[in-house]
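Asker: Supplied in structure tokens, the structure appears directly below.
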Amino acid sequence: MRFTFSNLPGIGWNEPAHKIVELARLCEDVGFDRFAVADYPFHLDCATVMTACLLGTQRIVVESLVTDPYRRHPSLTACAWATMADLAPGRVILGLGGGVESGSRVMIEPWGLERPHPVQAVREAVDVCKAMWRGDPVTFKGQLVRTDNAQLKFAAQPDIPVLIAARGRRMLRLAGEIADIVHLASLFCNIEHQRDNLAHVFEGAQRAGRAAGEFEIDASITVSVSHSRAQARRLARRTAAQTILWMAGAETYSRQRTDWTPPTQLNVPEDVIRALATRWNMWTDPELPDELAAMISDDVLDQLTVAGEPDECVRQLRRLADNLPEVTGFRIKLPPPQPVRAAEDYKEAILAMGEVIQLFGAQPALTA
Amino acid sequence: MKFTFGNLPTIGWDEPTAKLVDLACRAEAAGFDRFGVSDWKFYQDCFVVMTACLQATSTLEVESLVTEPYVRNPALTAAALATMDDLSGGRAILGIGAGVESSSRVWTAPWGHERPHPVQAVREAVDVSRRMWRGEEVTLDGTVVRVHQARLSFKGRPDTRIMIAARSQRMLQLAGELADIVHLASFFGNVGHHRDNLAQVRTGAERAGRASGSFEIDISLPCSISRDRDAARTAARRPAAIGILWTSAQDEYALKGWRRPSQFSVPPAVVAALSGWNFRSQPQLPHELAQLISDDILDEYALAGTAEECAERLVNIQQRLPEVTGLRIYAVPPLTDGKLLYDGYVDMLAEMEKMIAIVRARPVSRP
């Protein structure tokens, strides 16, 4: 099982960029396999932070989680990721998604603030990147992406892994069809829901003649771990609230998705969803107000997060791993700490997560 | 005098990115103040290389030399530069030009391969960057640049420096008006020509009420230095030929409305012969063309020879152009005996170190 740390920089992070590099180093030390850098527009630049993290570490793989095919021209994305891979061979992943659920969008011609045909856009961007990494001159007139004789002027690593983050059915199928790493972006850790997602992934894989096991599958899970159980579960509530809004299609950008149907397994009272949707802006408020946090019961919290002391988290992760044997990695979303001491809180959480990784590795899988 | 090492990656550079970073470290050790990273499309990515160079060095300033406002969204460029600045403690410089003289243009909506209104585009990009670095939320529906509610989610440094590279009169004026560092991008080293350019810069500065001395001025010169004087002067003929083609507007991407400087004195037969050479696709200048460039012509377009004689020439330039505060060296190493480009740069950096030391030891009076 591969463990990925995410997701900095994020809401509430207002520390210097070099502190992210320090955290990447700590993640490497405690046993994470990968370090994911977010690409929120106008936050610390993703490629810049990735480069700094690569140069500040020795072993850990660094990925974008995720960039999109609109705001940076895919031929330049290909070039930037190839440059990083040249600096740190074998340690770079291009993580892509549709970019449709971002809180701040960049005005990009010709779409303005719209992001049309995200599945097609990701497909075309991946095509362009892979062809350029092979050294091909790429002239391409797609529905969204257009390039004219784009050819790298340096030798690139041709097999830079591409991760596709997917929640919608069509994106899950696309990921199964073309991604080196399928990223199940839903934070809803219900096993049946993830099985539904995997069914779409394998449908896409089948379409492309790919066998299960030919590509990796990461599941995205909120893990809030602390030696203080109360603290872990308190912090987990913000991410749980965010996940509820996404899953229920009740968040600003989810509401605009025509392809989203809330999973049948989601069991959150309507009044909780309504309260979260109307009384909290997850994109701008780093903290979940106490009265809303109190509405999230322990049962609801356990549907959406892994939260507790290290032993407890290991048990829950092991249960997920045993029930989802196709999953090859966990992307760990740590709840955002208090902004005033973000880096210090992250350090504590990473150290605790290091214990979880060690304990998890020491436990035999039921399905081995 | 501030010394900037430019222009990697470039035509002929096919070494790993790590060697480029290594050269930045060596440039720092050799006494360079700045390291310019080019933004030629589909070469190693400018911002990734800049970040790597900043991470590997401790005092060297690193600049884009130069990026442009069309393909890279200016609001994202502002965020990237602010991130580099944050990582490096203020050592990143946003060098920007219009990108109209690049042969590998990225097809970008809505302009395709065109790059309309370059001066306005640079003005708008600078405006967006500075406002974002001040922490403002920026919405701009400009002639070229469109930005909607762009606000940095972290603290930028309001005085992150901007360098504007300029050759045309209007861009020179804009640079004088706005830039922290005016970069005279012409390779034509004729003092009278530079004075004409400086007059344009002054016009722009006066328009903005800026006093001379309140901003830096860099000149750009190809430079080949070696203990083997002949080898250095041979190597310098290629960039000199490029300078001749640019200055005479014989390059296929020559600036619109470019007028040949009155000081230009290269014989028409030489210009005509050189214009049959495509410097963007042919790394070598054919020997028969190189021979057409006399020593006098070469000295107008390049700094070439031993460290000592190049230093003397630089001191002379400093005395005659006291407004100039920096030199961007377009380094062209002699590659004798099949030497690789990287090794050539390493050798030449040792000679440049000597040259810089000599120049710095000679006090120059400023106006």
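Identifiers in the structure tokens: chain A, B, ... in order shown; residue index from 1 per chain; ligand index from 1 in order shown.
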Using only C-alpha atoms, find each residue in range 115-200 of chain A having at least one atom no more than 9 Å away from range 313-330 of chain A; report its shortest atom-to-atom pair and that distance in Å (one decimal), rows by chain then rising number, as a tab-separated table.

Answerer:
```
residue	atom	partner	partner_atom	distance
A:Cys189	CA	A:Leu320	CA	8.0
A:Asn190	CA	A:Leu320	CA	8.6
A:Ile191	CA	A:Leu320	CA	7.0
A:Gln194	CA	A:Leu324	CA	8.0
A:Arg195	CA	A:Leu324	CA	7.5
A:Leu198	CA	A:Glu326	CA	8.3
```

Asker: Neighbouring residues of Pro69 in chain A were defined as those with any atom within 7 Å, considering only C-alpha atoms; residues of the same chain fewer than 2 positions away were excluded. Please report them as number ranges by chain.

Answerer: A: 71-74, 121-122, 125

Asker: Let me see the file: selected residues, N, CA, C and O atoms, as an mmCIF file, in the first residue's frame.

Answerer:
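Saved as again.cif:
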```cif
data_model
loop_
_atom_site.group_PDB
_atom_site.id
_atom_site.type_symbol
_atom_site.label_atom_id
_atom_site.label_comp_id
_atom_site.auth_asym_id
_atom_site.auth_seq_id
_atom_site.Cartn_x
_atom_site.Cartn_y
_atom_site.Cartn_z
ATOM 1 N N ARG A 71 -5.990 26.022 -17.349
ATOM 2 C CA ARG A 71 -5.329 27.293 -17.012
ATOM 3 C C ARG A 71 -3.861 27.330 -17.411
ATOM 4 O O ARG A 71 -3.289 28.397 -17.560
ATOM 5 N N ARG A 72 -3.229 26.169 -17.519
ATOM 6 C CA ARG A 72 -1.851 26.131 -18.016
ATOM 7 C C ARG A 72 -1.909 25.343 -19.311
ATOM 8 O O ARG A 72 -2.479 24.262 -19.349
ATOM 9 N N HIS A 73 -1.349 25.882 -20.368
ATOM 10 C CA HIS A 73 -1.433 25.192 -21.650
ATOM 11 C C HIS A 73 -0.820 23.795 -21.506
ATOM 12 O O HIS A 73 0.305 23.674 -20.989
ATOM 13 N N PRO A 74 -1.520 22.749 -21.928
ATOM 14 C CA PRO A 74 -0.999 21.393 -21.717
ATOM 15 C C PRO A 74 0.408 21.171 -22.273
ATOM 16 O O PRO A 74 1.176 20.385 -21.710
ATOM 17 N N ALA A 121 -11.329 17.333 -21.978
ATOM 18 C CA ALA A 121 -10.147 18.189 -21.775
ATOM 19 C C ALA A 121 -9.010 17.399 -21.138
ATOM 20 O O ALA A 121 -7.845 17.508 -21.556
ATOM 21 N N VAL A 122 -9.347 16.588 -20.141
ATOM 22 C CA VAL A 122 -8.303 15.782 -19.485
ATOM 23 C C VAL A 122 -7.737 14.763 -20.479
ATOM 24 O O VAL A 122 -6.521 14.570 -20.584
ATOM 25 N N ALA A 125 -5.433 16.567 -22.861
ATOM 26 C CA ALA A 125 -4.195 17.012 -22.196
ATOM 27 C C ALA A 125 -3.249 15.830 -21.978
ATOM 28 O O ALA A 125 -2.031 15.943 -22.171
#
```

Asker: Find, counting only C-alpha atoms, the residue in A:Arg134, A:Arg146, A:Arg34, A:Arg123 that gets nearest to chain B.

Answerer: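 Using only C-alpha atoms, chain B sits closest to A:Arg146.
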
Asker: What are the residues of chain A that have an atom within 6 Å of an atom of chain B, counting only C-alpha atoms, as a PyMOL selection string?

Answerer: chain A and resi 14+17-18+42-45+79-80+83+87+107+109-110+147+152-154

Asker: Looking at only C-alpha atoms, which of A:Asp86, A:Asp180, A:Asp148, A:Asp311 is the one that sits closest to Gln358 in chain A?

Answerer: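 Closest residue, counting only C-alpha atoms: A:Asp311.
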
Asker: List the spatial neighbours of Ala208 in chain A as a PyMOL selection string - criterion: any atom at most 10 Å away, only C-alpha atoms, same-chain residues fewer than 2 positions off excluded.

Answerer: chain A and resi 173-174+176-178+202-206+210-211

Asker: If you run DSSP on the backbone here, which positions in range 87-263 of chain A get strand (DSSP E or B)? Please write them as a PyMOL selection string.

Answerer: chain A and resi 92-96+108+112+138-141+146-150+162-166+181-184+216-225

Asker: Save the residues we just selected, N, CA and C atoms, as a compact mmCIF listing (two decimals), in the first residue's frame?

Answerer:
```
# COMPACT_ATOMS: atom_id res chain seq x y z
N VAL A 92 8.41 12.06 -10.13
CA VAL A 92 7.41 13.08 -10.46
C VAL A 92 6.17 12.42 -11.07
N ILE A 93 5.03 12.88 -10.63
CA ILE A 93 3.75 12.41 -11.17
C ILE A 93 2.94 13.63 -11.61
N LEU A 94 2.36 13.53 -12.79
CA LEU A 94 1.43 14.57 -13.23
C LEU A 94 0.02 14.16 -12.80
N GLY A 95 -0.50 14.86 -11.82
CA GLY A 95 -1.87 14.62 -11.38
C GLY A 95 -2.78 15.64 -12.03
N LEU A 96 -3.80 15.13 -12.71
CA LEU A 96 -4.72 16.00 -13.46
C LEU A 96 -6.16 15.72 -13.05
N ILE A 108 -9.54 32.33 -18.39
CA ILE A 108 -8.71 31.75 -19.46
C ILE A 108 -9.48 31.83 -20.77
N GLY A 112 -13.24 31.82 -20.57
CA GLY A 112 -13.53 32.71 -19.45
C GLY A 112 -13.40 31.94 -18.15
N VAL A 138 3.99 17.51 -31.71
CA VAL A 138 2.55 17.32 -31.53
C VAL A 138 1.76 18.47 -32.16
N THR A 139 1.04 18.13 -33.20
CA THR A 139 0.07 19.06 -33.76
C THR A 139 -1.28 18.42 -33.53
N PHE A 140 -2.13 19.14 -32.84
CA PHE A 140 -3.35 18.53 -32.32
C PHE A 140 -4.44 19.58 -32.30
N LYS A 141 -5.55 19.26 -32.91
CA LYS A 141 -6.67 20.20 -32.86
C LYS A 141 -7.84 19.49 -32.22
N ARG A 146 -5.41 22.67 -28.15
CA ARG A 146 -4.85 22.83 -29.48
C ARG A 146 -3.35 23.08 -29.36
N THR A 147 -2.59 22.36 -30.14
CA THR A 147 -1.16 22.61 -30.18
C THR A 147 -0.71 22.56 -31.63
N ASP A 148 0.37 23.23 -31.89
CA ASP A 148 0.88 23.28 -33.25
C ASP A 148 2.38 22.99 -33.21
N ASN A 149 2.75 21.82 -33.64
CA ASN A 149 4.16 21.45 -33.72
C ASN A 149 4.90 21.65 -32.40
N ALA A 150 4.28 21.19 -31.33
CA ALA A 150 4.90 21.31 -30.01
C ALA A 150 5.81 20.11 -29.79
N VAL A 162 0.91 9.40 -15.06
CA VAL A 162 -0.20 10.35 -15.04
C VAL A 162 -1.26 9.84 -14.08
N LEU A 163 -1.62 10.69 -13.15
CA LEU A 163 -2.70 10.37 -12.22
C LEU A 163 -3.93 11.16 -12.66
N ILE A 164 -5.07 10.51 -12.69
CA ILE A 164 -6.31 11.24 -12.98
C ILE A 164 -7.22 11.14 -11.77
N ALA A 165 -7.59 12.31 -11.27
CA ALA A 165 -8.49 12.36 -10.12
C ALA A 165 -9.92 12.37 -10.64
N ALA A 166 -10.75 11.48 -10.09
CA ALA A 166 -12.10 11.33 -10.64
C ALA A 166 -13.13 11.11 -9.55
N ILE A 181 -2.26 6.10 -12.66
CA ILE A 181 -2.77 6.03 -11.28
C ILE A 181 -4.19 6.59 -11.31
N VAL A 182 -5.15 5.72 -11.01
CA VAL A 182 -6.53 6.17 -10.90
C VAL A 182 -6.71 6.70 -9.48
N HIS A 183 -7.18 7.92 -9.40
CA HIS A 183 -7.34 8.51 -8.07
C HIS A 183 -8.82 8.63 -7.77
N LEU A 184 -9.31 7.82 -6.84
CA LEU A 184 -10.72 7.91 -6.44
C LEU A 184 -10.84 9.12 -5.52
N GLU A 216 -2.32 1.61 -11.07
CA GLU A 216 -2.55 1.77 -9.64
C GLU A 216 -3.91 2.40 -9.37
N ILE A 217 -4.41 2.16 -8.18
CA ILE A 217 -5.66 2.82 -7.76
C ILE A 217 -5.45 3.40 -6.36
N ASP A 218 -5.57 4.70 -6.29
CA ASP A 218 -5.48 5.39 -4.99
C ASP A 218 -6.87 5.75 -4.51
N ALA A 219 -7.09 5.56 -3.25
CA ALA A 219 -8.34 6.05 -2.66
C ALA A 219 -8.00 7.22 -1.75
N SER A 220 -8.85 8.21 -1.82
CA SER A 220 -8.63 9.43 -1.05
C SER A 220 -9.39 9.34 0.27
N ILE A 221 -8.67 9.45 1.35
CA ILE A 221 -9.32 9.25 2.65
C ILE A 221 -8.88 10.33 3.63
N THR A 222 -9.85 10.88 4.31
CA THR A 222 -9.51 11.81 5.38
C THR A 222 -9.06 10.98 6.59
N VAL A 223 -7.85 11.24 7.03
CA VAL A 223 -7.39 10.58 8.24
C VAL A 223 -7.01 11.66 9.25
N SER A 224 -7.65 11.59 10.37
CA SER A 224 -7.32 12.53 11.44
C SER A 224 -6.82 11.70 12.60
N VAL A 225 -5.53 11.80 12.84
CA VAL A 225 -4.93 10.91 13.83
C VAL A 225 -4.22 11.72 14.90
```

Asker: Mind pulling up the distance from CA of Glu28 in chain A to CA of Asp159 in chain A?

Answerer: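 Taking CA of Asp159 in chain A as the start and CA of Glu28 in chain A as the end point, the length is 22.9 Å.
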
Asker: Using only C-alpha atoms, which residues sit within 12 Å of Arg238 in chain A once same-chain residues fewer than 5 positions away are excluded, as a short mmCIF file (atom, residue, chain, number, x, y, z; two decimals) with all heavy atoms, in the first residue's frame?

Answerer:
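The result, written out as result.cif:
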```cif
data_model
loop_
_atom_site.label_atom_id
_atom_site.label_comp_id
_atom_site.auth_asym_id
_atom_site.auth_seq_id
_atom_site.Cartn_x
_atom_site.Cartn_y
_atom_site.Cartn_z
N ILE A 11 -6.56 25.76 2.00
CA ILE A 11 -7.26 26.80 2.75
C ILE A 11 -6.71 26.87 4.17
O ILE A 11 -6.56 25.84 4.83
CB ILE A 11 -8.78 26.51 2.76
CG1 ILE A 11 -9.33 26.62 1.35
CG2 ILE A 11 -9.52 27.46 3.71
CD1 ILE A 11 -10.67 25.98 1.15
N THR A 222 -9.85 10.88 4.31
CA THR A 222 -9.51 11.81 5.38
C THR A 222 -9.06 10.98 6.59
O THR A 222 -9.80 10.12 7.05
CB THR A 222 -10.74 12.64 5.78
OG1 THR A 222 -11.12 13.43 4.67
CG2 THR A 222 -10.43 13.53 6.97
N VAL A 223 -7.85 11.24 7.03
CA VAL A 223 -7.39 10.58 8.24
C VAL A 223 -7.01 11.66 9.25
O VAL A 223 -6.18 12.51 8.97
CB VAL A 223 -6.17 9.66 7.96
CG1 VAL A 223 -5.70 9.01 9.26
CG2 VAL A 223 -6.52 8.59 6.94
N SER A 224 -7.65 11.59 10.37
CA SER A 224 -7.32 12.53 11.44
C SER A 224 -6.82 11.70 12.60
O SER A 224 -7.58 10.97 13.23
CB SER A 224 -8.57 13.33 11.82
OG SER A 224 -8.25 14.28 12.79
N ALA A 232 -8.55 14.33 17.57
CA ALA A 232 -8.59 13.79 16.20
C ALA A 232 -9.99 13.90 15.63
O ALA A 232 -10.19 14.31 14.48
CB ALA A 232 -8.12 12.35 16.20
N ARG A 233 -10.96 13.55 16.44
CA ARG A 233 -12.33 13.53 15.91
C ARG A 233 -12.89 14.95 15.78
O ARG A 233 -13.70 15.23 14.91
CB ARG A 233 -13.21 12.63 16.78
CG ARG A 233 -12.72 11.16 16.66
CD ARG A 233 -13.56 10.18 17.43
NE ARG A 233 -14.88 9.94 16.88
CZ ARG A 233 -15.16 9.12 15.85
NH1 ARG A 233 -14.19 8.46 15.23
NH2 ARG A 233 -16.41 8.96 15.45
N THR A 243 -16.86 16.95 2.83
CA THR A 243 -17.20 15.73 2.08
C THR A 243 -18.72 15.57 1.95
O THR A 243 -19.23 15.18 0.89
CB THR A 243 -16.59 14.50 2.78
OG1 THR A 243 -15.20 14.74 2.97
CG2 THR A 243 -16.77 13.25 1.94
N ILE A 244 -19.42 15.89 3.02
CA ILE A 244 -20.89 15.81 2.97
C ILE A 244 -21.41 16.70 1.85
O ILE A 244 -22.25 16.30 1.04
CB ILE A 244 -21.50 16.23 4.33
CG1 ILE A 244 -21.19 15.17 5.39
CG2 ILE A 244 -23.01 16.46 4.20
CD1 ILE A 244 -21.52 15.61 6.82
N LEU A 245 -20.90 17.93 1.80
CA LEU A 245 -21.39 18.88 0.79
C LEU A 245 -21.07 18.38 -0.62
O LEU A 245 -21.89 18.49 -1.53
CB LEU A 245 -20.79 20.26 1.03
CG LEU A 245 -21.29 20.96 2.30
CD1 LEU A 245 -20.57 22.28 2.52
CD2 LEU A 245 -22.80 21.19 2.24
N LEU A 276 -25.19 22.87 6.68
CA LEU A 276 -23.81 23.05 6.19
C LEU A 276 -23.80 23.87 4.90
O LEU A 276 -22.93 24.73 4.70
CB LEU A 276 -23.16 21.69 5.94
CG LEU A 276 -22.85 20.84 7.17
CD1 LEU A 276 -22.39 19.44 6.75
CD2 LEU A 276 -21.78 21.50 8.05
N TRP A 280 -22.22 27.82 5.94
CA TRP A 280 -20.76 27.70 5.96
C TRP A 280 -20.23 27.71 4.52
O TRP A 280 -20.80 27.05 3.65
CB TRP A 280 -20.36 26.38 6.64
CG TRP A 280 -18.89 26.12 6.71
CD1 TRP A 280 -17.93 26.93 7.22
CD2 TRP A 280 -18.21 24.95 6.23
NE1 TRP A 280 -16.70 26.35 7.11
CE2 TRP A 280 -16.84 25.12 6.51
CE3 TRP A 280 -18.61 23.77 5.63
CZ2 TRP A 280 -15.87 24.17 6.18
CZ3 TRP A 280 -17.66 22.81 5.30
CH2 TRP A 280 -16.30 23.02 5.58
N ASN A 281 -19.16 28.49 4.27
CA ASN A 281 -18.52 28.47 2.96
C ASN A 281 -17.18 27.75 3.10
O ASN A 281 -16.21 28.30 3.62
CB ASN A 281 -18.31 29.90 2.44
CG ASN A 281 -17.75 29.90 1.03
OD1 ASN A 281 -17.13 28.92 0.59
ND2 ASN A 281 -17.94 30.99 0.32
N MET A 282 -17.17 26.53 2.62
CA MET A 282 -15.95 25.72 2.79
C MET A 282 -14.75 26.27 2.04
O MET A 282 -13.61 25.95 2.35
CB MET A 282 -16.22 24.27 2.34
CG MET A 282 -16.54 24.12 0.87
SD MET A 282 -16.89 22.40 0.45
CE MET A 282 -15.50 22.03 -0.63
N TRP A 283 -15.00 27.10 1.02
CA TRP A 283 -13.90 27.62 0.21
C TRP A 283 -13.21 28.81 0.88
O TRP A 283 -12.08 29.14 0.55
CB TRP A 283 -14.39 28.03 -1.17
CG TRP A 283 -14.86 26.87 -1.99
CD1 TRP A 283 -16.14 26.57 -2.33
CD2 TRP A 283 -14.04 25.84 -2.55
NE1 TRP A 283 -16.17 25.41 -3.08
CE2 TRP A 283 -14.90 24.95 -3.23
CE3 TRP A 283 -12.67 25.57 -2.54
CZ2 TRP A 283 -14.44 23.82 -3.90
CZ3 TRP A 283 -12.21 24.45 -3.21
CH2 TRP A 283 -13.09 23.59 -3.88
N ASP A 285 -13.90 29.73 4.53
CA ASP A 285 -13.81 29.66 5.99
C ASP A 285 -12.92 28.49 6.41
O ASP A 285 -13.32 27.33 6.27
CB ASP A 285 -15.20 29.45 6.61
CG ASP A 285 -16.15 30.60 6.26
OD1 ASP A 285 -15.66 31.70 5.97
OD2 ASP A 285 -17.37 30.37 6.29
N PRO A 286 -11.74 28.78 6.92
CA PRO A 286 -10.85 27.68 7.31
C PRO A 286 -11.44 26.82 8.42
O PRO A 286 -11.12 25.65 8.54
CB PRO A 286 -9.58 28.39 7.80
CG PRO A 286 -9.67 29.78 7.29
CD PRO A 286 -11.12 30.09 7.13
N GLU A 287 -12.31 27.41 9.23
CA GLU A 287 -12.83 26.62 10.35
C GLU A 287 -14.33 26.37 10.20
O GLU A 287 -15.05 27.21 9.68
CB GLU A 287 -12.55 27.34 11.66
CG GLU A 287 -11.06 27.37 11.96
CD GLU A 287 -10.73 28.10 13.24
OE1 GLU A 287 -11.45 27.87 14.22
OE2 GLU A 287 -9.78 28.90 13.22
N LEU A 288 -14.74 25.21 10.69
CA LEU A 288 -16.17 24.88 10.72
C LEU A 288 -16.72 25.38 12.05
O LEU A 288 -16.20 25.02 13.11
CB LEU A 288 -16.34 23.36 10.62
CG LEU A 288 -17.77 22.83 10.65
CD1 LEU A 288 -18.52 23.21 9.37
CD2 LEU A 288 -17.75 21.30 10.81
N PRO A 289 -17.76 26.22 12.01
CA PRO A 289 -18.30 26.72 13.29
C PRO A 289 -18.71 25.57 14.22
O PRO A 289 -19.20 24.53 13.76
CB PRO A 289 -19.52 27.54 12.85
CG PRO A 289 -19.25 27.92 11.42
CD PRO A 289 -18.47 26.78 10.85
N ASP A 290 -18.51 25.78 15.51
CA ASP A 290 -18.77 24.72 16.50
C ASP A 290 -20.18 24.16 16.41
O ASP A 290 -20.39 22.95 16.55
CB ASP A 290 -18.53 25.26 17.92
CG ASP A 290 -17.05 25.44 18.19
OD1 ASP A 290 -16.24 24.88 17.42
OD2 ASP A 290 -16.72 26.16 19.15
N GLU A 291 -21.15 25.07 16.19
CA GLU A 291 -22.54 24.58 16.21
C GLU A 291 -22.81 23.66 15.01
O GLU A 291 -23.63 22.75 15.11
CB GLU A 291 -23.55 25.74 16.26
CG GLU A 291 -23.66 26.60 15.02
CD GLU A 291 -22.60 27.70 14.95
OE1 GLU A 291 -21.62 27.64 15.73
OE2 GLU A 291 -22.76 28.61 14.11
N LEU A 292 -22.11 23.88 13.90
CA LEU A 292 -22.27 22.98 12.76
C LEU A 292 -21.51 21.68 12.99
O LEU A 292 -21.99 20.59 12.67
CB LEU A 292 -21.79 23.65 11.47
CG LEU A 292 -22.62 24.87 11.01
CD1 LEU A 292 -22.01 25.47 9.74
CD2 LEU A 292 -24.06 24.48 10.74
N ALA A 293 -20.33 21.82 13.57
CA ALA A 293 -19.54 20.61 13.88
C ALA A 293 -20.33 19.69 14.80
O ALA A 293 -20.31 18.46 14.64
CB ALA A 293 -18.22 21.01 14.52
N ALA A 294 -21.06 20.28 15.73
CA ALA A 294 -21.82 19.47 16.69
C ALA A 294 -22.95 18.69 16.02
O ALA A 294 -23.44 17.70 16.56
CB ALA A 294 -22.39 20.39 17.77
N MET A 295 -23.36 19.14 14.84
CA MET A 295 -24.45 18.44 14.13
C MET A 295 -23.96 17.15 13.48
O MET A 295 -24.76 16.32 13.06
CB MET A 295 -25.04 19.36 13.05
CG MET A 295 -25.75 20.58 13.62
SD MET A 295 -26.45 21.60 12.30
CE MET A 295 -27.93 20.64 11.95
N ILE A 296 -22.64 17.03 13.33
CA ILE A 296 -22.10 15.82 12.69
C ILE A 296 -21.91 14.74 13.76
O ILE A 296 -21.00 14.82 14.59
CB ILE A 296 -20.78 16.14 11.96
CG1 ILE A 296 -21.03 17.19 10.88
CG2 ILE A 296 -20.15 14.88 11.36
CD1 ILE A 296 -19.79 17.72 10.20
N LEU A 301 -19.64 10.89 11.09
CA LEU A 301 -18.19 11.11 10.99
C LEU A 301 -17.48 9.85 10.51
O LEU A 301 -16.58 9.91 9.65
CB LEU A 301 -17.64 11.54 12.36
CG LEU A 301 -16.18 11.98 12.39
CD1 LEU A 301 -15.99 13.28 11.62
CD2 LEU A 301 -15.69 12.17 13.82
N LEU A 304 -17.35 9.09 6.85
CA LEU A 304 -16.63 10.02 5.98
C LEU A 304 -15.15 10.16 6.30
O LEU A 304 -14.40 10.72 5.50
CB LEU A 304 -17.29 11.40 6.06
CG LEU A 304 -18.79 11.38 5.72
CD1 LEU A 304 -19.50 12.58 6.29
CD2 LEU A 304 -18.99 11.30 4.23
N THR A 305 -14.76 9.70 7.45
CA THR A 305 -13.36 9.89 7.83
C THR A 305 -12.85 8.68 8.61
O THR A 305 -13.63 7.88 9.14
CB THR A 305 -13.16 11.12 8.76
OG1 THR A 305 -13.82 10.86 10.00
CG2 THR A 305 -13.72 12.39 8.14
N ALA A 307 -10.82 8.54 11.88
CA ALA A 307 -10.43 9.54 12.88
C ALA A 307 -10.31 8.90 14.25
O ALA A 307 -11.23 8.23 14.71
CB ALA A 307 -11.46 10.67 12.92
N LYS A 333 -5.73 12.62 3.32
CA LYS A 333 -6.05 14.04 3.44
C LYS A 333 -6.12 14.33 4.94
O LYS A 333 -6.99 13.83 5.64
CB LYS A 333 -7.39 14.34 2.78
CG LYS A 333 -7.78 15.81 2.82
CD LYS A 333 -9.08 16.04 2.05
CE LYS A 333 -9.64 17.43 2.30
NZ LYS A 333 -8.88 18.47 1.63
N LEU A 334 -5.15 15.09 5.39
CA LEU A 334 -5.15 15.46 6.80
C LEU A 334 -6.03 16.68 6.97
O LEU A 334 -5.98 17.59 6.14
CB LEU A 334 -3.73 15.75 7.28
CG LEU A 334 -2.76 14.58 7.27
CD1 LEU A 334 -1.35 15.04 7.60
CD2 LEU A 334 -3.20 13.51 8.28
N PRO A 335 -6.83 16.72 7.99
CA PRO A 335 -7.69 17.90 8.17
C PRO A 335 -6.84 19.15 8.34
O PRO A 335 -5.77 19.09 8.96
CB PRO A 335 -8.44 17.60 9.47
CG PRO A 335 -8.26 16.17 9.73
CD PRO A 335 -6.98 15.76 9.09
N PRO A 336 -7.29 20.27 7.78
CA PRO A 336 -6.49 21.49 7.95
C PRO A 336 -6.43 21.88 9.42
O PRO A 336 -7.45 21.90 10.09
CB PRO A 336 -7.25 22.53 7.12
CG PRO A 336 -8.59 21.95 6.86
CD PRO A 336 -8.50 20.48 7.02
N PRO A 337 -5.24 22.14 9.92
CA PRO A 337 -5.13 22.55 11.32
C PRO A 337 -5.50 24.02 11.50
O PRO A 337 -5.91 24.68 10.55
CB PRO A 337 -3.66 22.31 11.64
CG PRO A 337 -2.97 22.30 10.34
CD PRO A 337 -3.96 22.07 9.25
N GLN A 338 -5.36 24.49 12.70
CA GLN A 338 -5.64 25.90 12.95
C GLN A 338 -4.63 26.74 12.17
O GLN A 338 -3.43 26.48 12.24
CB GLN A 338 -5.50 26.21 14.44
CG GLN A 338 -6.40 25.36 15.31
CD GLN A 338 -7.87 25.52 14.96
OE1 GLN A 338 -8.33 26.64 14.76
NE2 GLN A 338 -8.58 24.43 14.85
#
```

Asker: Write out as a list in words which residues come within 9 Å of range 288-290 of chain B when counting only C-alpha atoms, dropping same-chain ones fewer than 3 positions away.

Answerer: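 So the residues in contact are Thr234, Arg237, Arg238, Ala241, Val270, Ala273, Leu274, Trp277, Leu285, Ile293 and Ser294 of chain B.
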
Asker: Those same residues - C-alpha atoms - I'd like them written as a PDB file, in the first residue's frame.

Answerer:
```
ATOM      1  CA  THR B 234      35.608  32.579 -33.526  1.00  0.00           C
ATOM      2  CA  ARG B 237      30.873  35.289 -34.521  1.00  0.00           C
ATOM      3  CA  ARG B 238      27.665  33.289 -34.304  1.00  0.00           C
ATOM      4  CA  ALA B 241      25.671  37.297 -36.812  1.00  0.00           C
ATOM      5  CA  VAL B 270      27.425  40.693 -45.447  1.00  0.00           C
ATOM      6  CA  ALA B 273      24.767  36.629 -47.041  1.00  0.00           C
ATOM      7  CA  LEU B 274      23.862  36.168 -43.364  1.00  0.00           C
ATOM      8  CA  TRP B 277      21.283  31.444 -42.536  1.00  0.00           C
ATOM      9  CA  LEU B 285      27.340  29.534 -38.276  1.00  0.00           C
ATOM     10  CA  ILE B 293      32.411  39.203 -40.127  1.00  0.00           C
ATOM     11  CA  SER B 294      35.492  41.378 -39.765  1.00  0.00           C
TER      12      SER B 294
END
```

Asker: Give me, please, the distance in Å between CA of Ala352 in chain A and CA of Gly90 in chain A, quoted to one decimal.

Answerer: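 CA of Ala352 in chain A sits 27.5 Å away from CA of Gly90 in chain A.
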
Asker: Within 12 Å of Gly209 in chain B, counting only C-alpha atoms, which residues show up once you throw out same-chain ones fewer than 5 positions away? Write them as an MDAnalysis selection string, please.

Answerer: chainID B and resid 176:178 202:204 214
